[in-house]
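*Asks:* Here you go, this is coords.cif (mmCIF, C-alpha atoms).
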data_input
loop_
_atom_site.label_atom_id
_atom_site.label_comp_id
_atom_site.auth_asym_id
_atom_site.auth_seq_id
_atom_site.Cartn_x
_atom_site.Cartn_y
_atom_site.Cartn_z
CA MET A 241 -21.61 -4.02 -3.32
CA ARG A 242 -24.02 -2.86 -0.66
CA ILE A 243 -21.88 -1.60 2.18
CA GLY A 244 -23.42 1.30 4.09
CA TRP A 245 -21.67 4.62 3.76
CA ARG A 246 -20.90 4.91 7.45
CA ARG A 247 -18.99 1.65 7.26
CA ARG A 248 -17.53 2.11 3.78
CA TYR A 249 -16.15 5.64 4.10
CA ARG A 250 -15.90 7.89 7.11
CA TRP A 251 -15.18 10.98 5.06
CA ARG A 252 -14.29 13.62 7.59
CA ARG A 253 -12.08 11.28 9.56
CA SER A 254 -10.43 10.15 6.32
CA ALA A 255 -9.62 13.73 5.36
CA VAL A 256 -7.95 14.29 8.75
CA LEU A 257 -6.00 11.03 8.41
CA ALA A 258 -4.86 12.01 4.92
CA THR A 259 -3.55 15.33 6.25
CA LEU A 260 -1.72 13.65 9.13
CA ALA A 261 -0.23 11.11 6.74
CA LEU A 262 1.16 13.89 4.58
CA LEU A 263 2.74 15.53 7.63
CA LEU A 264 4.31 12.22 8.59
CA GLU A 265 5.40 11.37 5.06
CA GLY A 266 8.90 12.71 5.55
CA THR A 267 9.48 10.11 8.28
CA LEU A 268 7.98 7.28 6.25
CA ILE A 269 9.55 7.74 2.81
CA GLY A 270 13.19 6.98 2.28
CA ARG A 271 13.47 4.40 5.01
CA VAL A 272 15.09 1.12 3.95
CA THR A 273 14.24 -1.81 6.20
CA ARG A 274 13.56 -5.53 6.00
CA ALA A 275 11.66 -6.05 9.23
CA GLY A 276 8.31 -7.82 9.11
CA ALA A 277 5.89 -6.44 6.52
CA GLU A 278 7.86 -3.24 6.05
CA PRO A 279 8.97 -2.44 2.48
CA ASP A 280 12.48 -3.22 1.32
CA LEU A 281 12.91 -0.05 -0.76
CA ALA A 282 11.31 3.39 -0.75
CA ALA A 283 11.54 6.47 -2.95
CA HIS A 284 9.90 9.73 -3.97
CA VAL A 285 8.87 10.06 -7.59
CA VAL A 286 7.91 13.28 -9.35
CA ARG A 287 6.22 12.52 -12.65
CA ALA A 288 5.62 14.76 -15.63
CA ARG A 289 2.00 15.54 -16.29
CA LEU A 290 0.22 13.61 -19.00
CA PRO A 291 -0.87 15.53 -22.11
CA ASN A 292 -4.58 14.96 -21.46
CA GLU A 293 -4.52 16.30 -17.90
CA GLN A 294 -5.57 19.74 -16.77
CA PRO A 295 -2.77 22.29 -16.20
CA GLY A 296 -1.27 22.16 -12.77
CA PRO A 297 1.80 21.14 -10.78
CA ALA A 298 3.52 17.81 -11.30
CA ARG A 299 2.44 15.10 -8.87
CA ARG A 300 4.79 13.79 -6.22
CA ILE A 301 4.13 10.20 -5.16
CA GLY A 302 5.71 7.95 -2.57
CA ILE A 303 6.73 4.47 -3.66
CA HIS A 304 7.34 1.52 -1.35
CA VAL A 305 8.70 -1.75 -2.75
CA TRP A 306 8.38 -5.23 -1.25
CA LEU A 307 10.77 -7.84 -2.67
CA PRO A 308 10.64 -11.66 -2.58
CA SER A 309 12.41 -12.97 0.49
CA GLY A 310 13.49 -16.22 -1.17
CA PRO A 311 14.97 -17.32 -4.49
CA VAL A 312 12.93 -16.70 -7.65
CA THR A 313 12.82 -18.47 -10.99
CA GLY A 314 11.46 -17.33 -14.32
CA PRO A 315 10.14 -13.83 -15.14
CA VAL A 316 9.22 -11.63 -12.16
CA PRO A 317 6.06 -9.56 -12.79
CA PRO A 318 5.47 -6.34 -10.85
CA LEU A 319 2.31 -5.71 -8.84
CA VAL A 320 1.15 -2.18 -7.98
CA TYR A 321 -1.09 -1.50 -4.97
CA ALA A 322 -3.47 1.49 -4.83
CA HIS A 323 -4.63 2.39 -1.32
CA GLY A 324 -8.04 3.51 -0.12
CA TRP A 325 -9.32 7.01 0.52
CA GLY A 326 -7.17 8.78 3.10
CA GLY A 327 -4.96 5.71 3.42
CA ARG A 328 -1.37 4.79 2.67
CA ALA A 329 0.28 1.79 1.03
CA ARG A 330 1.08 0.29 4.43
CA GLU A 331 -2.63 -0.22 5.15
CA ASN A 332 -2.28 -3.63 3.44
CA ALA A 333 1.41 -4.30 4.14
CA ASP A 334 0.89 -7.89 5.28
CA LEU A 335 -0.89 -8.78 2.03
CA LEU A 336 1.77 -7.03 -0.05
CA ARG A 337 4.56 -8.85 1.76
CA ALA A 338 2.76 -12.17 1.22
CA LEU A 339 2.42 -11.47 -2.52
CA ALA A 340 6.08 -10.49 -2.76
CA ASP A 341 7.02 -13.82 -1.22
CA GLN A 342 5.08 -15.51 -4.03
CA GLY A 343 7.72 -14.18 -6.43
CA PHE A 344 6.41 -10.72 -7.33
CA VAL A 345 8.02 -7.29 -7.00
CA VAL A 346 5.26 -5.35 -5.23
CA ILE A 347 4.93 -1.56 -5.34
CA GLY A 348 2.72 0.33 -2.92
CA ILE A 349 1.95 3.94 -3.85
CA ASP A 350 1.26 6.83 -1.48
CA PHE A 351 -0.95 9.13 -3.56
CA PRO A 352 -1.05 12.90 -3.05
CA ALA A 353 -4.03 14.08 -1.03
CA PRO A 354 -7.13 14.43 -3.28
CA GLY A 355 -8.26 17.89 -4.26
CA PHE A 356 -11.60 17.56 -2.44
CA ALA A 357 -12.62 16.60 1.07
CA GLY A 358 -14.47 13.34 0.48
CA LEU A 359 -17.21 11.46 -1.28
CA ASP A 360 -20.60 12.92 -0.43
CA PHE A 361 -23.81 10.95 -1.01
CA ARG A 362 -26.17 12.92 1.21
CA SER A 363 -28.40 13.66 -1.79
CA GLU A 364 -28.68 12.84 -5.49
CA LEU A 365 -27.15 16.21 -6.41
CA ALA A 366 -24.25 15.67 -4.01
CA GLY A 367 -23.78 12.18 -5.44
CA GLN A 368 -23.60 13.54 -8.99
CA ARG A 369 -20.97 16.10 -7.97
CA THR A 370 -19.03 13.42 -6.09
CA ARG A 371 -18.93 11.16 -9.14
CA MET A 372 -17.65 14.03 -11.29
CA LEU A 373 -14.85 14.85 -8.83
CA ALA A 374 -14.05 11.18 -8.24
CA GLU A 375 -13.71 10.51 -11.97
CA ARG A 376 -11.02 13.18 -12.24
CA GLU A 377 -9.17 11.88 -9.17
CA VAL A 378 -9.32 8.34 -10.54
CA ARG A 379 -7.63 9.49 -13.76
CA LEU A 380 -4.88 11.21 -11.79
CA GLN A 381 -4.23 8.16 -9.64
CA ALA A 382 -4.26 5.91 -12.71
CA GLY A 383 -1.49 8.12 -14.09
CA ASP A 384 0.40 7.66 -10.82
CA ILE A 385 0.17 3.88 -11.25
CA GLN A 386 1.61 4.17 -14.75
CA ALA A 387 4.37 6.44 -13.42
CA ALA A 388 5.23 3.84 -10.77
CA LEU A 389 5.59 1.18 -13.49
CA ASP A 390 7.76 3.58 -15.52
CA TRP A 391 9.96 4.19 -12.45
CA LEU A 392 10.34 0.48 -11.76
CA ALA A 393 11.34 -0.26 -15.35
CA ASP A 394 14.08 2.37 -15.25
CA THR A 395 15.37 3.97 -12.04
CA GLY A 396 13.82 1.40 -9.73
CA ARG A 397 15.27 -1.54 -11.60
CA ALA A 398 18.78 -0.21 -10.94
CA ARG A 399 18.05 -0.38 -7.20
CA LEU A 400 16.92 -4.01 -7.23
CA PRO A 401 19.19 -6.95 -6.42
CA ARG A 402 20.80 -8.23 -9.63
CA ASN A 403 18.87 -11.51 -9.72
CA LEU A 404 15.55 -9.62 -9.57
CA ALA A 405 16.56 -6.83 -11.93
CA ASP A 406 17.51 -9.37 -14.60
CA ARG A 407 14.20 -11.23 -14.26
CA LEU A 408 11.87 -8.23 -13.88
CA ASP A 409 9.23 -8.07 -16.62
CA PRO A 410 7.67 -4.57 -16.48
CA HIS A 411 5.50 -5.37 -19.53
CA LEU A 412 3.55 -8.01 -17.59
CA ALA A 413 2.09 -6.18 -14.59
CA GLY A 414 -0.81 -6.55 -12.21
CA VAL A 415 -2.61 -3.95 -10.09
CA LEU A 416 -4.70 -4.30 -6.98
CA GLY A 417 -6.64 -1.65 -5.15
CA TYR A 418 -8.58 -1.37 -1.94
CA SER A 419 -11.72 0.80 -1.74
CA PHE A 420 -11.20 3.96 -3.84
CA GLY A 421 -7.88 2.55 -5.06
CA ALA A 422 -9.77 -0.18 -6.94
CA SER A 423 -11.13 2.48 -9.32
CA ALA A 424 -7.63 3.77 -9.99
CA ALA A 425 -6.46 0.21 -10.67
CA ALA A 426 -9.26 -0.36 -13.17
CA GLU A 427 -8.68 2.99 -14.88
CA ALA A 428 -4.96 2.26 -15.23
CA ALA A 429 -5.78 -1.09 -16.87
CA ARG A 430 -7.87 0.71 -19.49
CA ALA A 431 -4.98 3.00 -20.34
CA ASP A 432 -1.95 0.73 -20.18
CA ARG A 433 -1.39 -2.56 -22.02
CA ARG A 434 1.31 -3.59 -19.56
CA ILE A 435 -1.41 -4.35 -17.02
CA ARG A 436 -2.71 -7.91 -17.41
CA GLY A 437 -4.55 -8.48 -14.13
CA VAL A 438 -6.72 -6.28 -11.85
CA LEU A 439 -7.84 -7.19 -8.31
CA ASN A 440 -10.58 -5.09 -6.69
CA LEU A 441 -10.74 -5.26 -2.89
CA ASP A 442 -14.23 -4.01 -2.03
CA GLY A 443 -14.17 -0.83 -4.10
CA TRP A 444 -16.78 1.08 -6.09
CA LEU A 445 -15.81 1.59 -9.72
CA PHE A 446 -15.77 5.27 -10.60
CA GLY A 447 -14.59 6.67 -13.90
CA ASN A 448 -16.25 7.30 -17.25
CA PRO A 449 -19.47 5.22 -17.25
CA ALA A 450 -19.26 4.91 -21.04
CA ALA A 451 -15.69 3.59 -20.97
CA PRO A 452 -15.20 0.16 -22.54
CA VAL A 453 -14.25 -2.81 -20.41
CA PHE A 454 -10.52 -3.46 -20.17
CA ALA A 455 -8.85 -6.56 -21.57
CA ALA A 456 -6.96 -7.48 -18.38
CA ALA A 457 -8.20 -10.35 -16.23
CA TYR A 458 -10.42 -9.12 -13.39
CA MET A 459 -11.28 -10.29 -9.89
CA VAL A 460 -13.40 -8.56 -7.24
CA ILE A 461 -13.57 -9.60 -3.58
CA THR A 462 -16.42 -7.93 -1.69
CA ASP A 463 -19.47 -8.56 0.49
CA SER A 464 -22.08 -8.51 -2.29
CA LEU A 465 -22.48 -7.54 -5.94
CA ASP A 466 -26.26 -7.69 -5.81
CA PRO A 467 -27.98 -4.47 -6.99
CA PRO A 468 -29.93 -2.42 -4.44
CA SER A 469 -33.63 -3.06 -3.91
CA ALA A 470 -36.36 -1.06 -5.63
CA GLU A 471 -37.33 0.16 -2.17
CA ALA A 472 -33.87 1.66 -1.58
CA LEU A 473 -33.84 3.32 -5.00
CA ALA A 474 -37.20 4.99 -4.23
CA ALA A 475 -36.50 5.75 -0.55
CA ASP A 476 -37.75 9.02 0.90
CA ASP A 477 -34.44 9.57 2.68
CA PRO A 478 -32.18 11.42 0.18
CA GLY A 479 -28.98 9.90 1.53
CA ARG A 480 -30.24 6.34 1.33
CA ARG A 481 -31.56 6.96 -2.17
CA ALA A 482 -28.28 8.53 -3.34
CA HIS A 483 -26.28 5.58 -2.01
CA ALA A 484 -28.66 3.15 -3.70
CA ILE A 485 -28.17 4.94 -7.03
CA GLN A 486 -24.39 4.68 -6.61
CA ASP A 487 -24.66 0.98 -5.68
CA ALA A 488 -26.83 0.34 -8.75
CA GLN A 489 -24.36 2.04 -11.09
CA ASP A 490 -21.46 0.18 -9.49
CA SER A 491 -23.21 -3.19 -9.70
CA ASP A 492 -23.82 -2.63 -13.41
CA ARG A 493 -20.16 -1.69 -14.02
CA GLN A 494 -18.85 -4.62 -12.02
CA LEU A 495 -20.98 -7.17 -13.85
CA ARG A 496 -20.22 -5.65 -17.25
CA GLN A 497 -16.51 -6.04 -16.57
CA LEU A 498 -16.84 -9.51 -15.06
CA ARG A 499 -18.82 -10.82 -18.03
CA SER A 500 -15.84 -10.10 -20.27
CA GLY A 501 -13.91 -12.61 -18.17
CA GLY A 502 -13.47 -12.50 -14.42
CA PHE A 503 -14.02 -13.88 -10.92
CA ALA A 504 -16.15 -12.62 -8.04
CA ILE A 505 -15.68 -13.74 -4.44
CA GLU A 506 -18.51 -12.52 -2.22
CA ILE A 507 -18.28 -12.79 1.57
CA PRO A 508 -21.69 -11.87 3.04
CA HIS A 509 -21.69 -9.73 6.18
CA ALA A 510 -18.03 -8.75 5.76
CA THR A 511 -17.17 -5.22 6.80
CA HIS A 512 -15.31 -2.81 4.53
CA GLY A 513 -12.30 -2.74 6.85
CA SER A 514 -11.98 -6.52 6.60
CA PHE A 515 -10.40 -6.05 3.18
CA SER A 516 -7.52 -3.93 4.46
CA GLY A 517 -4.83 -4.60 7.01
CA THR A 518 -6.91 -2.78 9.61
CA GLY A 519 -9.60 -5.48 9.52
CA GLY A 520 -9.93 -7.83 12.44
CA ASP A 521 -11.25 -10.98 10.74
CA PRO A 522 -8.33 -13.38 10.15
CA GLU A 523 -10.43 -15.71 7.98
CA ILE A 524 -11.26 -12.93 5.51
CA ARG A 525 -7.62 -11.85 5.42
CA SER A 526 -6.69 -15.46 4.67
CA VAL A 527 -9.30 -15.64 1.88
CA VAL A 528 -8.01 -12.42 0.30
CA SER A 529 -4.39 -13.60 0.44
CA ALA A 530 -5.15 -17.02 -1.07
CA TYR A 531 -7.27 -15.71 -3.93
CA ALA A 532 -4.92 -12.80 -4.68
CA ALA A 533 -1.91 -15.14 -4.99
CA ALA A 534 -3.79 -17.63 -7.18
CA PHE A 535 -5.30 -14.91 -9.38
CA PHE A 536 -2.01 -13.18 -10.16
CA ALA A 537 -0.15 -16.47 -10.65
CA ARG A 538 -2.78 -17.41 -13.22
CA SER A 539 -3.20 -14.05 -14.98
CA LEU A 540 0.45 -12.93 -15.02
CA ARG A 541 2.43 -16.16 -15.08
CA GLY A 542 -0.04 -18.33 -17.00
CA SER A 543 0.22 -20.96 -14.29
CA ALA A 544 -2.40 -23.59 -13.62
CA ALA A 545 -3.16 -22.02 -10.24
CA ASP A 546 -6.65 -22.96 -9.11
CA VAL A 547 -9.12 -20.07 -8.92
CA SER A 548 -12.35 -21.70 -7.79
CA GLU A 549 -14.35 -22.55 -4.70
CA ALA A 550 -11.48 -24.83 -3.72
CA THR A 551 -8.90 -22.02 -3.57
CA HIS A 552 -9.95 -21.30 0.00
CA PRO A 553 -12.86 -23.56 1.00
CA SER A 554 -15.27 -21.78 3.31
CA PRO A 555 -19.05 -21.88 3.76
CA ARG A 556 -18.97 -18.07 3.98
CA ILE A 557 -17.79 -17.61 0.39
CA ARG A 558 -19.89 -17.30 -2.74
CA PHE A 559 -17.68 -17.88 -5.79
CA ARG A 560 -18.66 -16.94 -9.34
CA ALA A 561 -16.68 -17.03 -12.59
CA TRP A 562 -17.31 -15.77 -16.10
CA PRO A 563 -15.37 -17.12 -19.10
CA PRO A 564 -13.51 -14.53 -21.19
CA SER A 565 -14.28 -14.03 -24.84
CA ALA A 566 -12.02 -15.81 -27.33
CA GLU A 567 -10.46 -12.46 -28.28
CA ASP A 568 -9.64 -11.52 -24.69
CA ALA A 569 -8.29 -15.01 -23.96
CA THR A 570 -5.93 -14.70 -26.92
CA LEU A 571 -4.75 -11.26 -25.79
CA LEU A 572 -4.09 -12.34 -22.21
CA ALA A 573 -2.30 -15.52 -23.26
CA ARG A 574 -0.06 -13.81 -25.81
CA PRO A 575 3.59 -14.16 -24.68
CA VAL A 576 5.76 -11.09 -24.36
CA ALA A 577 8.79 -11.12 -26.67
CA ALA A 578 12.17 -11.14 -24.95
CA SER A 579 13.16 -8.02 -26.86
CA ALA A 580 10.11 -6.22 -25.47
CA ILE A 581 11.02 -7.24 -21.93
CA MET A 582 14.44 -5.67 -22.26
CA ALA A 583 13.18 -2.54 -24.03
CA SER A 584 12.63 0.66 -22.14
CA SER A 585 9.16 0.82 -20.64
CA CYS A 586 7.34 3.38 -22.77
CA ARG A 587 3.74 3.99 -21.75
CA THR A 588 1.31 2.47 -24.23
CA SER A 589 -2.23 3.79 -24.42
CA ARG A 590 -5.11 1.96 -26.00
#
Give the structure from this file in structure tokens form.
*Replies:*
Amino acid sequence: MRIGWRRRYRWRRSAVLATLALLLEGTLIGRVTRAGAEPDLAAHVVRARLPNEQPGPARRIGIHVWLPSGPVTGPVPPLVYAHGWGGRARENADLLRALADQGFVVIGIDFPAPGFAGLDFRSELAGQRTRMLAEREVRLQAGDIQAALDWLADTGRARLPRNLADRLDPHLAGVLGYSFGASAAAEAARADRRIRGVLNLDGWLFGNPAAPVFAAAYMVITDSLDPPSAEALAADDPGRRAHAIQDAQDSDRQLRQLRSGGFAIEIPHATHGSFSGTGGDPEIRSVVSAYAAAFFARSLRGSAADVSEATHPSPRIRFRAWPPSAEDATLLARPVAASAIMASSCRTSR
């Protein structure tokens, strides 16, 4: 995933945007509207800290919910969206609305501002420190994703229209994340058996490098998964070398996860912003929407939705697929008992 750091993350600007977003949060949360791609429901959620977290205050997250605009049949799985660094859930509102109209209840989370200014890869030492800080932030955001699923299964369900509340299946969830949010999505899938599908929109995978792969189905949409060149890894420039080391580690993690069963859609020469609502390339946005809908229909509903080169034919796309192991295929195909669907949504850790 070789996107230059100036394109991938503009750290100082992101920190300023995150601060401004927090100041504006009071005007954004709590608004109920059905216009365009705006969410249909919104709420604040304060979650209790998890036992394995460091002492500190409880985290306050904003939740935005997009609901299907038409009639639905069968179980309704929830999808949770994790935004990029310094972003907000609305950065991909059009995609989230489109997924909701495919028959999903879609949650977008506004995470609290991270406890550090940004990801710094100006040198190998700075890169090591960044990975350490990012791993902790990823765990916190993964907990926020689990808290959002808990909220939807309980308090949130009571706020849904009756036809959706009765069909909601909180034990059959998917998560998608853009940029840094993709790491949080992957980390949540490792910790929570409710999550059966993970979509990575052009994000590095941080987290414990020794962590096992998760059992959920996986898809990544990015510009390239190729590892960096030997020249980049041995570059004299410390920043270029540090970014190459990060790209190499990420490429290894991505392929390790994909080989357990997954799909990769590579769009050469795409920019990082193309994978969020701020991107200006309508073809890439169309590719993302088509593959996201097919992937979640297949991984959460067990439909025969096509996930292949034919999902969105384009000469720009490189499609690759890896078959899951027999054990993972059995796990993902296992139906959820009706009694479990109606039970209270207790968090289940592997």
*Asks:* Kindly indicate which residue among A:Leu307, A:Leu365, A:Ile557, A:Leu540 lies nearest to Pro279 (chain A), using all atoms listed in the file for the distances.
*Replies:*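 Under the stated criterion, the closest residue is A:Leu307.
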*Asks:* Let me make sure I understand: among A:Ala456, A:Ala470, A:Gly513, A:Val285, which one has the smallest atom-to-atom distance to Thr395 (chain A) if we use all atoms listed in the file?
*Replies:*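 Once distances to Thr395 (chain A) are computed over all atoms listed in the file, the minimum belongs to A:Val285.
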*Asks:* Do you know which residues are at most 10 Å from region 320-322 of chain A counting all atoms listed in the file, after dropping those on the same chain fewer than 5 positions away, and could you put them as a short mmCIF file (atom, residue, chain, number, x, y, z; two decimals) with C-alpha atoms, keeping the file's coordinate frame?
*Replies:*
data_model
loop_
_atom_site.label_atom_id
_atom_site.label_comp_id
_atom_site.auth_asym_id
_atom_site.auth_seq_id
_atom_site.Cartn_x
_atom_site.Cartn_y
_atom_site.Cartn_z
CA ILE A 303 6.73 4.47 -3.66
CA HIS A 304 7.34 1.52 -1.35
CA VAL A 305 8.70 -1.75 -2.75
CA GLY A 327 -4.96 5.71 3.42
CA ARG A 328 -1.37 4.79 2.67
CA ALA A 329 0.28 1.79 1.03
CA ARG A 330 1.08 0.29 4.43
CA ASN A 332 -2.28 -3.63 3.44
CA ALA A 333 1.41 -4.30 4.14
CA LEU A 336 1.77 -7.03 -0.05
CA VAL A 345 8.02 -7.29 -7.00
CA VAL A 346 5.26 -5.35 -5.23
CA ILE A 347 4.93 -1.56 -5.34
CA GLY A 348 2.72 0.33 -2.92
CA ILE A 349 1.95 3.94 -3.85
CA ASP A 350 1.26 6.83 -1.48
CA PHE A 351 -0.95 9.13 -3.56
CA GLN A 381 -4.23 8.16 -9.64
CA ALA A 382 -4.26 5.91 -12.71
CA ASP A 384 0.40 7.66 -10.82
CA ILE A 385 0.17 3.88 -11.25
CA GLN A 386 1.61 4.17 -14.75
CA ALA A 388 5.23 3.84 -10.77
CA LEU A 389 5.59 1.18 -13.49
CA ALA A 413 2.09 -6.18 -14.59
CA GLY A 414 -0.81 -6.55 -12.21
CA VAL A 415 -2.61 -3.95 -10.09
CA LEU A 416 -4.70 -4.30 -6.98
CA GLY A 417 -6.64 -1.65 -5.15
CA TYR A 418 -8.58 -1.37 -1.94
CA SER A 419 -11.72 0.80 -1.74
CA PHE A 420 -11.20 3.96 -3.84
CA GLY A 421 -7.88 2.55 -5.06
CA ALA A 422 -9.77 -0.18 -6.94
CA SER A 423 -11.13 2.48 -9.32
CA ALA A 424 -7.63 3.77 -9.99
CA ALA A 425 -6.46 0.21 -10.67
CA ILE A 435 -1.41 -4.35 -17.02
CA VAL A 438 -6.72 -6.28 -11.85
CA LEU A 439 -7.84 -7.19 -8.31
CA ASN A 440 -10.58 -5.09 -6.69
#
*Asks:* One decimal, Å: what's the distance from CA of Arg430 (chain A) over to CA of Leu408 (chain A), could you say?
*Replies:* 22.4 Å
*Asks:* Calculate, to one decimal in Å, the centre and edge lengths of the box along x, y and z of the file that holds all listed atoms of region 456-470 of chain A with 6 Å of margin on each side, and present them as AutoDock Vina command-line options.
*Replies:*
--center_x -21.7 --center_y -5.7 --center_z -8.9 --size_x 41.4 --size_y 21.3 --size_z 30.9
*Asks:* Distance CA of Ala282 (chain A)-CA of Val378 (chain A), one decimal place?
*Replies:*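 Going from CA of Ala282 (chain A) over to CA of Val378 (chain A), I get 23.4 Å.
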*Asks:* Selection in question (the file shown): the PyMOL selection byres ((chain A and resi 539) around 9). Which residues does it include, as number ranges by chain?
*Replies:* A: 414, 436-437, 456-458, 534-538, 540-543, 572-573
*Asks:* Counting all atoms listed in the file, which of A:Thr511, A:Ser526, A:Thr518, A:Thr462 gets nearest to Pro553 (chain A)?
*Replies:*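 Smallest distance to Pro553 (chain A) is found for A:Ser526.
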*Asks:* I'd like the contact shell of Ala451 (chain A) - 12 Å cut-off, all atoms listed in the file, skipping same-chain residues fewer than 6 positions apart - returned as a ChimeraX atom specification.
*Replies:* /A:375,426-427,429-431,445,493,496-497,590
*Asks:* For the PyMOL selection byres ((chain A and resi 481) around 10), applied here, can you spell out every residue it catches as a PyMOL selection string?
*Replies:* chain A and resi 361-364+367+468+470-480+482-487
